[in-house]
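Here's the structure we're looking at; comments come further down.
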2 protein chains.
Amino acid sequence: MPTLLGYAIRRSQIAIFQDFMRSMGATGIRPAQYSILTVIARNPGLKQAQVSDSLGIERARLVLVLNELEERGLARRVLSTTDRRSHALFLTPEGERLLAELDHRVAEHEARLIAKLGQPGRRQLLELLSRLQDD
Amino acid sequence: MPTLLGYAIRRSQIAIFQDFMRSMGATGIRPAQYSILTVIARNPGLKQAQVSDSLGIERARLVLVLNELEERGLARRVLSTTDRRSHALFLTPEGERLLAELDHRVAEHEARLIAKLGQPGRRQLLELLSRLQDD
DNA sequence: TATTGTTATACTCTATAACTATA
DNA sequence: TATAGTTATAGAGTATAACAATA
């Protein structure tokens, strides 16, 4: 294949995804689940629509992932008192505990990637990727 | 979200994919289909297993995509004379014609990305991405 | 025995549309 | 009317397993 940027990025993403899943081990937590847990932990009480917007996940899709997270006892929906259409989202104590462990696993995963790039390479890569998303 | 490499790459890939699909316009050709057409055009007579390997597409998945490409009259399977288990793959004249148009559209797509990075930035990005796939 | 292509199944993710209950 | 969450559906991609034909 020619050196198309889209192709190179897709192949890299597959490699990173596979390392991520190995890092998560028996937890079986996928990238989308991890990002949702992280956003809720940093912004307790967030509404589903806000999580959808900030992560670029369709709100219909978010419903299903939140169902899984609730069934696993990691997050919970609380009816908002101010706007009864919406749900405020929180982690359970078990969710907080698991997220701390996931953060540790993700840090190791990220360290493996940084070992391949070097710290300057990592910064450069993030800078170049951010340019692709401009305008 | 923190500046995780996997997250940044995923977001960039989504942006690139959307520009790619806009570039393909009414042809509706997806990245996987384009990559398959390209590989066949450059290596006429290739077997399905070789296409699977070189593009990292599951052979069961390739069967379905090739069915689509054959139904659209873009590619054809020819029974191999040397190994009757396998199919030799070729583009039809219509496939060759469409691919030439797709190459033009993809070149414009790529030029838009390069405009955001600069040529040195593009080379740097490809180099950094290739490091992520090592070992 | 192993490989090529095929069929089938299950799951994840994206994209839409339509519905309900609230505002 | 518009918005928040939900349900449902269809398509794309990934991952497996099993099968027939052939090597």
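Going by the structure tokens order, chains are called A, B, ..., each with residues numbered from 1, while ligands are numbered from 1 in the order shown.
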Contacts of range 6-23 of chain C at 9 Å (only C-alpha atoms (C1' of nucleotides); same-chain gap of 6+ positions) as a list of chain:residue names = A:Glu58, A:Arg61, A:Asp83, A:Arg84, A:Arg85, A:Ser86, B:Ala60, B:Val63, D:DA2, D:DT3, D:DA4, D:DG5, D:DT6, D:DT7, D:DA8, D:DT9, D:DA10, D:DG11, D:DA12, D:DG13, D:DT14, D:DA15, D:DT16, D:DA17, D:DA18, D:DC19, D:DA20
Take the residues from that selection and write them out as a compact mmCIF listing (two decimals), in the first residue's frame, keeping N, CA and C atoms (P, O5', C5', C4', C3', O3' and C1' of nucleotides).
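Result file follows (part24.txt):
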```txt
# COMPACT_ATOMS: atom_id res chain seq x y z
N GLU A 58 -22.32 8.53 20.17
CA GLU A 58 -23.76 8.75 19.96
C GLU A 58 -24.52 8.52 21.25
N ARG A 61 -25.87 5.11 21.66
CA ARG A 61 -24.84 4.12 21.97
C ARG A 61 -24.46 4.21 23.45
N ASP A 83 -33.75 19.06 36.50
CA ASP A 83 -34.33 18.77 35.19
C ASP A 83 -34.67 17.29 35.14
N ARG A 84 -35.93 16.98 35.34
CA ARG A 84 -36.30 15.57 35.52
C ARG A 84 -36.23 14.75 34.23
N ARG A 85 -35.83 15.40 33.11
CA ARG A 85 -35.59 14.60 31.91
C ARG A 85 -34.22 13.91 31.98
N SER A 86 -33.32 14.49 32.74
CA SER A 86 -31.91 14.06 32.63
C SER A 86 -31.46 13.24 33.84
N ALA B 60 -12.36 -14.31 5.95
CA ALA B 60 -13.82 -14.45 5.91
C ALA B 60 -14.47 -13.12 5.55
N VAL B 63 -14.03 -12.23 1.71
CA VAL B 63 -15.00 -12.89 0.83
C VAL B 63 -16.19 -11.98 0.56
P DA D 2 -38.61 23.96 17.29
O5' DA D 2 -37.93 23.31 18.58
C5' DA D 2 -37.20 24.21 19.42
C4' DA D 2 -36.75 23.48 20.64
C3' DA D 2 -35.66 22.43 20.37
O3' DA D 2 -34.56 22.73 21.20
C1' DA D 2 -37.36 21.52 21.72
P DT D 3 -33.18 21.94 20.99
O5' DT D 3 -33.20 21.01 22.29
C5' DT D 3 -33.36 21.62 23.55
C4' DT D 3 -33.43 20.55 24.62
C3' DT D 3 -32.35 19.48 24.49
O3' DT D 3 -31.76 19.29 25.76
C1' DT D 3 -34.47 18.48 24.63
P DA D 4 -30.59 18.19 25.98
O5' DA D 4 -31.39 17.00 26.68
C5' DA D 4 -31.76 17.14 28.04
C4' DA D 4 -32.01 15.77 28.65
C3' DA D 4 -30.90 14.76 28.35
O3' DA D 4 -30.60 14.01 29.53
C1' DA D 4 -32.96 14.02 27.40
P DG D 5 -29.46 12.88 29.48
O5' DG D 5 -30.32 11.59 29.14
C5' DG D 5 -31.27 11.12 30.09
C4' DG D 5 -32.18 10.09 29.45
C3' DG D 5 -31.50 8.78 29.03
O3' DG D 5 -32.02 7.74 29.86
C1' DG D 5 -33.04 9.57 27.39
P DT D 6 -31.45 6.22 29.66
O5' DT D 6 -32.43 5.65 28.54
C5' DT D 6 -33.80 5.58 28.81
C4' DT D 6 -34.56 5.07 27.60
C3' DT D 6 -34.08 3.72 27.08
O3' DT D 6 -35.06 2.74 27.42
C1' DT D 6 -34.60 5.27 25.32
P DT D 7 -34.77 1.18 27.16
O5' DT D 7 -35.26 0.96 25.66
C5' DT D 7 -36.62 1.17 25.33
C4' DT D 7 -36.82 1.03 23.84
C3' DT D 7 -36.26 -0.26 23.23
O3' DT D 7 -37.34 -1.01 22.70
C1' DT D 7 -35.69 1.65 21.92
P DA D 8 -37.08 -2.47 22.08
O5' DA D 8 -36.79 -2.13 20.55
C5' DA D 8 -37.68 -1.28 19.84
C4' DA D 8 -37.16 -1.09 18.43
C3' DA D 8 -36.45 -2.32 17.84
O3' DA D 8 -37.09 -2.70 16.64
C1' DA D 8 -35.15 -0.36 17.53
P DT D 9 -36.62 -4.02 15.83
O5' DT D 9 -35.77 -3.42 14.62
C5' DT D 9 -36.29 -2.31 13.90
C4' DT D 9 -35.25 -1.80 12.95
C3' DT D 9 -34.43 -2.91 12.27
O3' DT D 9 -34.52 -2.80 10.87
C1' DT D 9 -33.02 -1.22 13.15
P DA D 10 -33.94 -3.98 9.93
O5' DA D 10 -32.75 -3.28 9.13
C5' DA D 10 -32.84 -1.91 8.81
C4' DA D 10 -31.46 -1.43 8.40
C3' DA D 10 -30.60 -2.53 7.76
O3' DA D 10 -29.93 -2.00 6.63
C1' DA D 10 -29.48 -1.57 9.60
P DG D 11 -29.04 -2.96 5.70
O5' DG D 11 -27.56 -2.44 5.96
C5' DG D 11 -27.26 -1.06 5.74
C4' DG D 11 -25.89 -0.74 6.28
C3' DG D 11 -24.79 -1.68 5.77
O3' DG D 11 -23.68 -0.91 5.35
C1' DG D 11 -24.76 -1.58 8.13
P DA D 12 -22.50 -1.57 4.53
O5' DA D 12 -21.35 -1.57 5.63
C5' DA D 12 -20.84 -0.32 6.07
C4' DA D 12 -19.79 -0.55 7.11
C3' DA D 12 -18.72 -1.55 6.70
O3' DA D 12 -17.44 -0.95 6.88
C1' DA D 12 -19.67 -2.15 8.80
P DG D 13 -16.13 -1.67 6.42
O5' DG D 13 -15.64 -2.38 7.76
C5' DG D 13 -15.26 -1.56 8.86
C4' DG D 13 -14.98 -2.45 10.05
C3' DG D 13 -14.02 -3.60 9.75
O3' DG D 13 -12.87 -3.44 10.58
C1' DG D 13 -15.93 -4.34 10.96
P DT D 14 -11.67 -4.49 10.57
O5' DT D 14 -12.02 -5.45 11.79
C5' DT D 14 -12.19 -4.89 13.08
C4' DT D 14 -12.45 -6.00 14.08
C3' DT D 14 -11.49 -7.17 13.94
O3' DT D 14 -10.85 -7.37 15.20
C1' DT D 14 -13.74 -7.92 14.02
P DA D 15 -9.74 -8.51 15.39
O5' DA D 15 -10.60 -9.79 15.77
C5' DA D 15 -11.62 -9.67 16.74
C4' DA D 15 -12.17 -11.04 17.05
C3' DA D 15 -11.19 -12.18 16.74
O3' DA D 15 -11.15 -13.06 17.86
C1' DA D 15 -13.24 -12.56 15.66
P DT D 16 -10.06 -14.24 17.96
O5' DT D 16 -10.95 -15.55 17.91
C5' DT D 16 -12.00 -15.57 16.99
C4' DT D 16 -12.95 -16.68 17.33
C3' DT D 16 -12.38 -18.05 16.97
O3' DT D 16 -12.69 -18.98 17.99
C1' DT D 16 -14.27 -17.51 15.57
P DA D 17 -12.12 -20.51 17.87
O5' DA D 17 -13.28 -21.29 17.12
C5' DA D 17 -14.63 -21.12 17.53
C4' DA D 17 -15.54 -21.88 16.59
C3' DA D 17 -14.96 -23.22 16.13
O3' DA D 17 -15.96 -24.21 16.22
C1' DA D 17 -15.53 -21.90 14.25
P DA D 18 -15.61 -25.75 16.01
O5' DA D 18 -16.26 -26.07 14.59
C5' DA D 18 -17.63 -25.74 14.38
C4' DA D 18 -17.94 -25.86 12.92
C3' DA D 18 -17.42 -27.15 12.27
O3' DA D 18 -18.46 -27.74 11.52
C1' DA D 18 -16.74 -25.26 11.01
P DC D 19 -18.38 -29.26 11.05
O5' DC D 19 -18.33 -29.14 9.47
C5' DC D 19 -19.38 -28.46 8.79
C4' DC D 19 -18.90 -28.09 7.40
C3' DC D 19 -18.19 -29.21 6.67
O3' DC D 19 -19.07 -29.77 5.69
C1' DC D 19 -17.12 -27.09 6.37
P DA D 20 -18.47 -31.04 4.78
O5' DA D 20 -18.03 -30.36 3.42
C5' DA D 20 -18.86 -29.36 2.82
C4' DA D 20 -18.27 -28.97 1.47
C3' DA D 20 -17.73 -30.14 0.64
O3' DA D 20 -17.95 -29.88 -0.74
C1' DA D 20 -15.93 -28.71 1.29
```
What residues in chain B lie within 10 Å of chain A, counting only C-alpha atoms, written as an MDAnalysis selection string?
-> chainID B and resid 1:17 19:20 31:32 35:36 38:39 42 54:56 106:107 109:110 112:118 121:135
Would you work out the distance separating CA of Gln48 in chain A from CA of Gln33 in chain A, expressed in Å to one decimal?
-> 13.6 Å
Expected answer as JSON, numbers by chain: alpha helix (DSSP H) residues in chain B | {"B": [5, 6, 7, 8, 9, 10, 11, 12, 13, 14, 15, 16, 17, 18, 19, 20, 21, 22, 23, 24, 31, 32, 33, 34, 35, 36, 37, 38, 39, 40, 41, 42, 48, 49, 50, 51, 52, 53, 54, 55, 59, 60, 61, 62, 63, 64, 65, 66, 67, 68, 69, 70, 71, 93, 94, 95, 96, 97, 98, 99, 100, 101, 102, 103, 104, 105, 106, 107, 108, 109, 110, 111, 112, 113, 114, 115, 116, 117, 118, 119, 120, 121, 122, 123, 124, 125, 126, 127, 128, 129, 130, 131, 132]}
Quick one: residues within 6 Å of Ala88 in chain A, only C-alpha atoms (C1' of nucleotides), excluding same-chain residues fewer than 6 positions away - as a compact mmCIF listing (two decimals) with N, CA and C atoms, in the first residue's frame?
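Saved result, part21.txt, follows:
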```txt
# COMPACT_ATOMS: atom_id res chain seq x y z
N GLY A 45 -21.76 13.89 38.37
CA GLY A 45 -23.03 14.57 38.18
C GLY A 45 -23.29 14.99 36.75
N LEU A 46 -22.35 14.69 35.86
CA LEU A 46 -22.50 15.02 34.45
C LEU A 46 -23.75 14.35 33.87
N LYS A 47 -24.39 15.01 32.90
CA LYS A 47 -25.53 14.43 32.20
C LYS A 47 -25.04 13.56 31.05
N ARG A 77 -26.92 5.95 37.51
CA ARG A 77 -27.68 7.10 37.06
C ARG A 77 -28.55 7.56 38.23
N VAL A 78 -28.56 8.87 38.46
CA VAL A 78 -29.42 9.43 39.50
C VAL A 78 -30.32 10.47 38.85
N SER A 80 -32.05 13.63 38.00
CA SER A 80 -31.74 15.02 38.33
C SER A 80 -32.93 15.68 39.02
```
All strand (DSSP E or B) positions in range 24-127 of chain A, as a PDB file with N, CA and C atoms, in the first residue's frame:
```pdb
ATOM      1  N   LEU A  46     -22.350  14.692  35.864  1.00  0.00           N
ATOM      2  CA  LEU A  46     -22.502  15.018  34.455  1.00  0.00           C
ATOM      3  C   LEU A  46     -23.752  14.352  33.868  1.00  0.00           C
ATOM      4  N   LYS A  47     -24.392  15.014  32.904  1.00  0.00           N
ATOM      5  CA  LYS A  47     -25.535  14.426  32.205  1.00  0.00           C
ATOM      6  C   LYS A  47     -25.042  13.556  31.047  1.00  0.00           C
ATOM      7  N   ALA A  75     -21.035   2.219  37.744  1.00  0.00           N
ATOM      8  CA  ALA A  75     -21.573   3.581  37.629  1.00  0.00           C
ATOM      9  C   ALA A  75     -23.059   3.543  37.948  1.00  0.00           C
ATOM     10  N   ARG A  76     -23.629   4.721  38.235  1.00  0.00           N
ATOM     11  CA  ARG A  76     -25.069   4.756  38.456  1.00  0.00           C
ATOM     12  C   ARG A  76     -25.654   6.058  37.928  1.00  0.00           C
ATOM     13  N   ARG A  77     -26.916   5.951  37.512  1.00  0.00           N
ATOM     14  CA  ARG A  77     -27.677   7.104  37.058  1.00  0.00           C
ATOM     15  C   ARG A  77     -28.549   7.563  38.228  1.00  0.00           C
ATOM     16  N   VAL A  78     -28.563   8.869  38.461  1.00  0.00           N
ATOM     17  CA  VAL A  78     -29.415   9.435  39.499  1.00  0.00           C
ATOM     18  C   VAL A  78     -30.317  10.471  38.845  1.00  0.00           C
ATOM     19  N   LEU A  79     -31.624  10.358  39.091  1.00  0.00           N
ATOM     20  CA  LEU A  79     -32.542  11.323  38.480  1.00  0.00           C
ATOM     21  C   LEU A  79     -32.202  12.727  38.953  1.00  0.00           C
ATOM     22  N   HIS A  87     -30.352  12.540  33.609  1.00  0.00           N
ATOM     23  CA  HIS A  87     -29.719  11.734  34.659  1.00  0.00           C
ATOM     24  C   HIS A  87     -28.364  12.321  35.009  1.00  0.00           C
ATOM     25  N   ALA A  88     -28.100  12.396  36.313  1.00  0.00           N
ATOM     26  CA  ALA A  88     -26.750  12.750  36.764  1.00  0.00           C
ATOM     27  C   ALA A  88     -25.967  11.450  36.934  1.00  0.00           C
ATOM     28  N   LEU A  89     -24.721  11.451  36.456  1.00  0.00           N
ATOM     29  CA  LEU A  89     -23.929  10.221  36.453  1.00  0.00           C
ATOM     30  C   LEU A  89     -22.843  10.267  37.522  1.00  0.00           C
ATOM     31  N   PHE A  90     -22.673   9.133  38.202  1.00  0.00           N
ATOM     32  CA  PHE A  90     -21.647   8.997  39.249  1.00  0.00           C
ATOM     33  C   PHE A  90     -21.010   7.624  39.164  1.00  0.00           C
ATOM     34  N   LEU A  91     -19.794   7.505  39.661  1.00  0.00           N
ATOM     35  CA  LEU A  91     -19.199   6.193  39.847  1.00  0.00           C
ATOM     36  C   LEU A  91     -19.640   5.654  41.195  1.00  0.00           C
TER      37      LEU A  91
END
```
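Going from CA of Gly25 in chain B over to CA of Ile57 in chain B, you cover 23.9 Å.
CA of Leu99 in chain B sits 7.1 Å away from CA of Leu37 in chain B.
Each of A:Leu64, A:Ala26, A:Tyr34, A:Thr92 was compared to chain D using only C-alpha atoms (C1' of nucleotides), and A:Leu64 turns out to be the nearest.
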Please tabulate, as a Markdown table, the residues of chain D that come within 8 Å of chain B, each with its closest pair of atoms and the distance in Å to one decimal, counting only C-alpha atoms (C1' of nucleotides) and ordering rows by chain, then residue number upward.
```
| residue | atom | partner | partner_atom | distance |
| --- | --- | --- | --- | --- |
| D:DA21 | C1' | B:Arg85 | CA | 6.7 |
| D:DT22 | C1' | B:Arg85 | CA | 5.3 |
| D:DA23 | C1' | B:Asp83 | CA | 7.7 |
```
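Closest to chain C among A:Thr82, A:Asp53, A:Asp103, A:Gln119 is A:Thr82, based on only C-alpha atoms (C1' of nucleotides).
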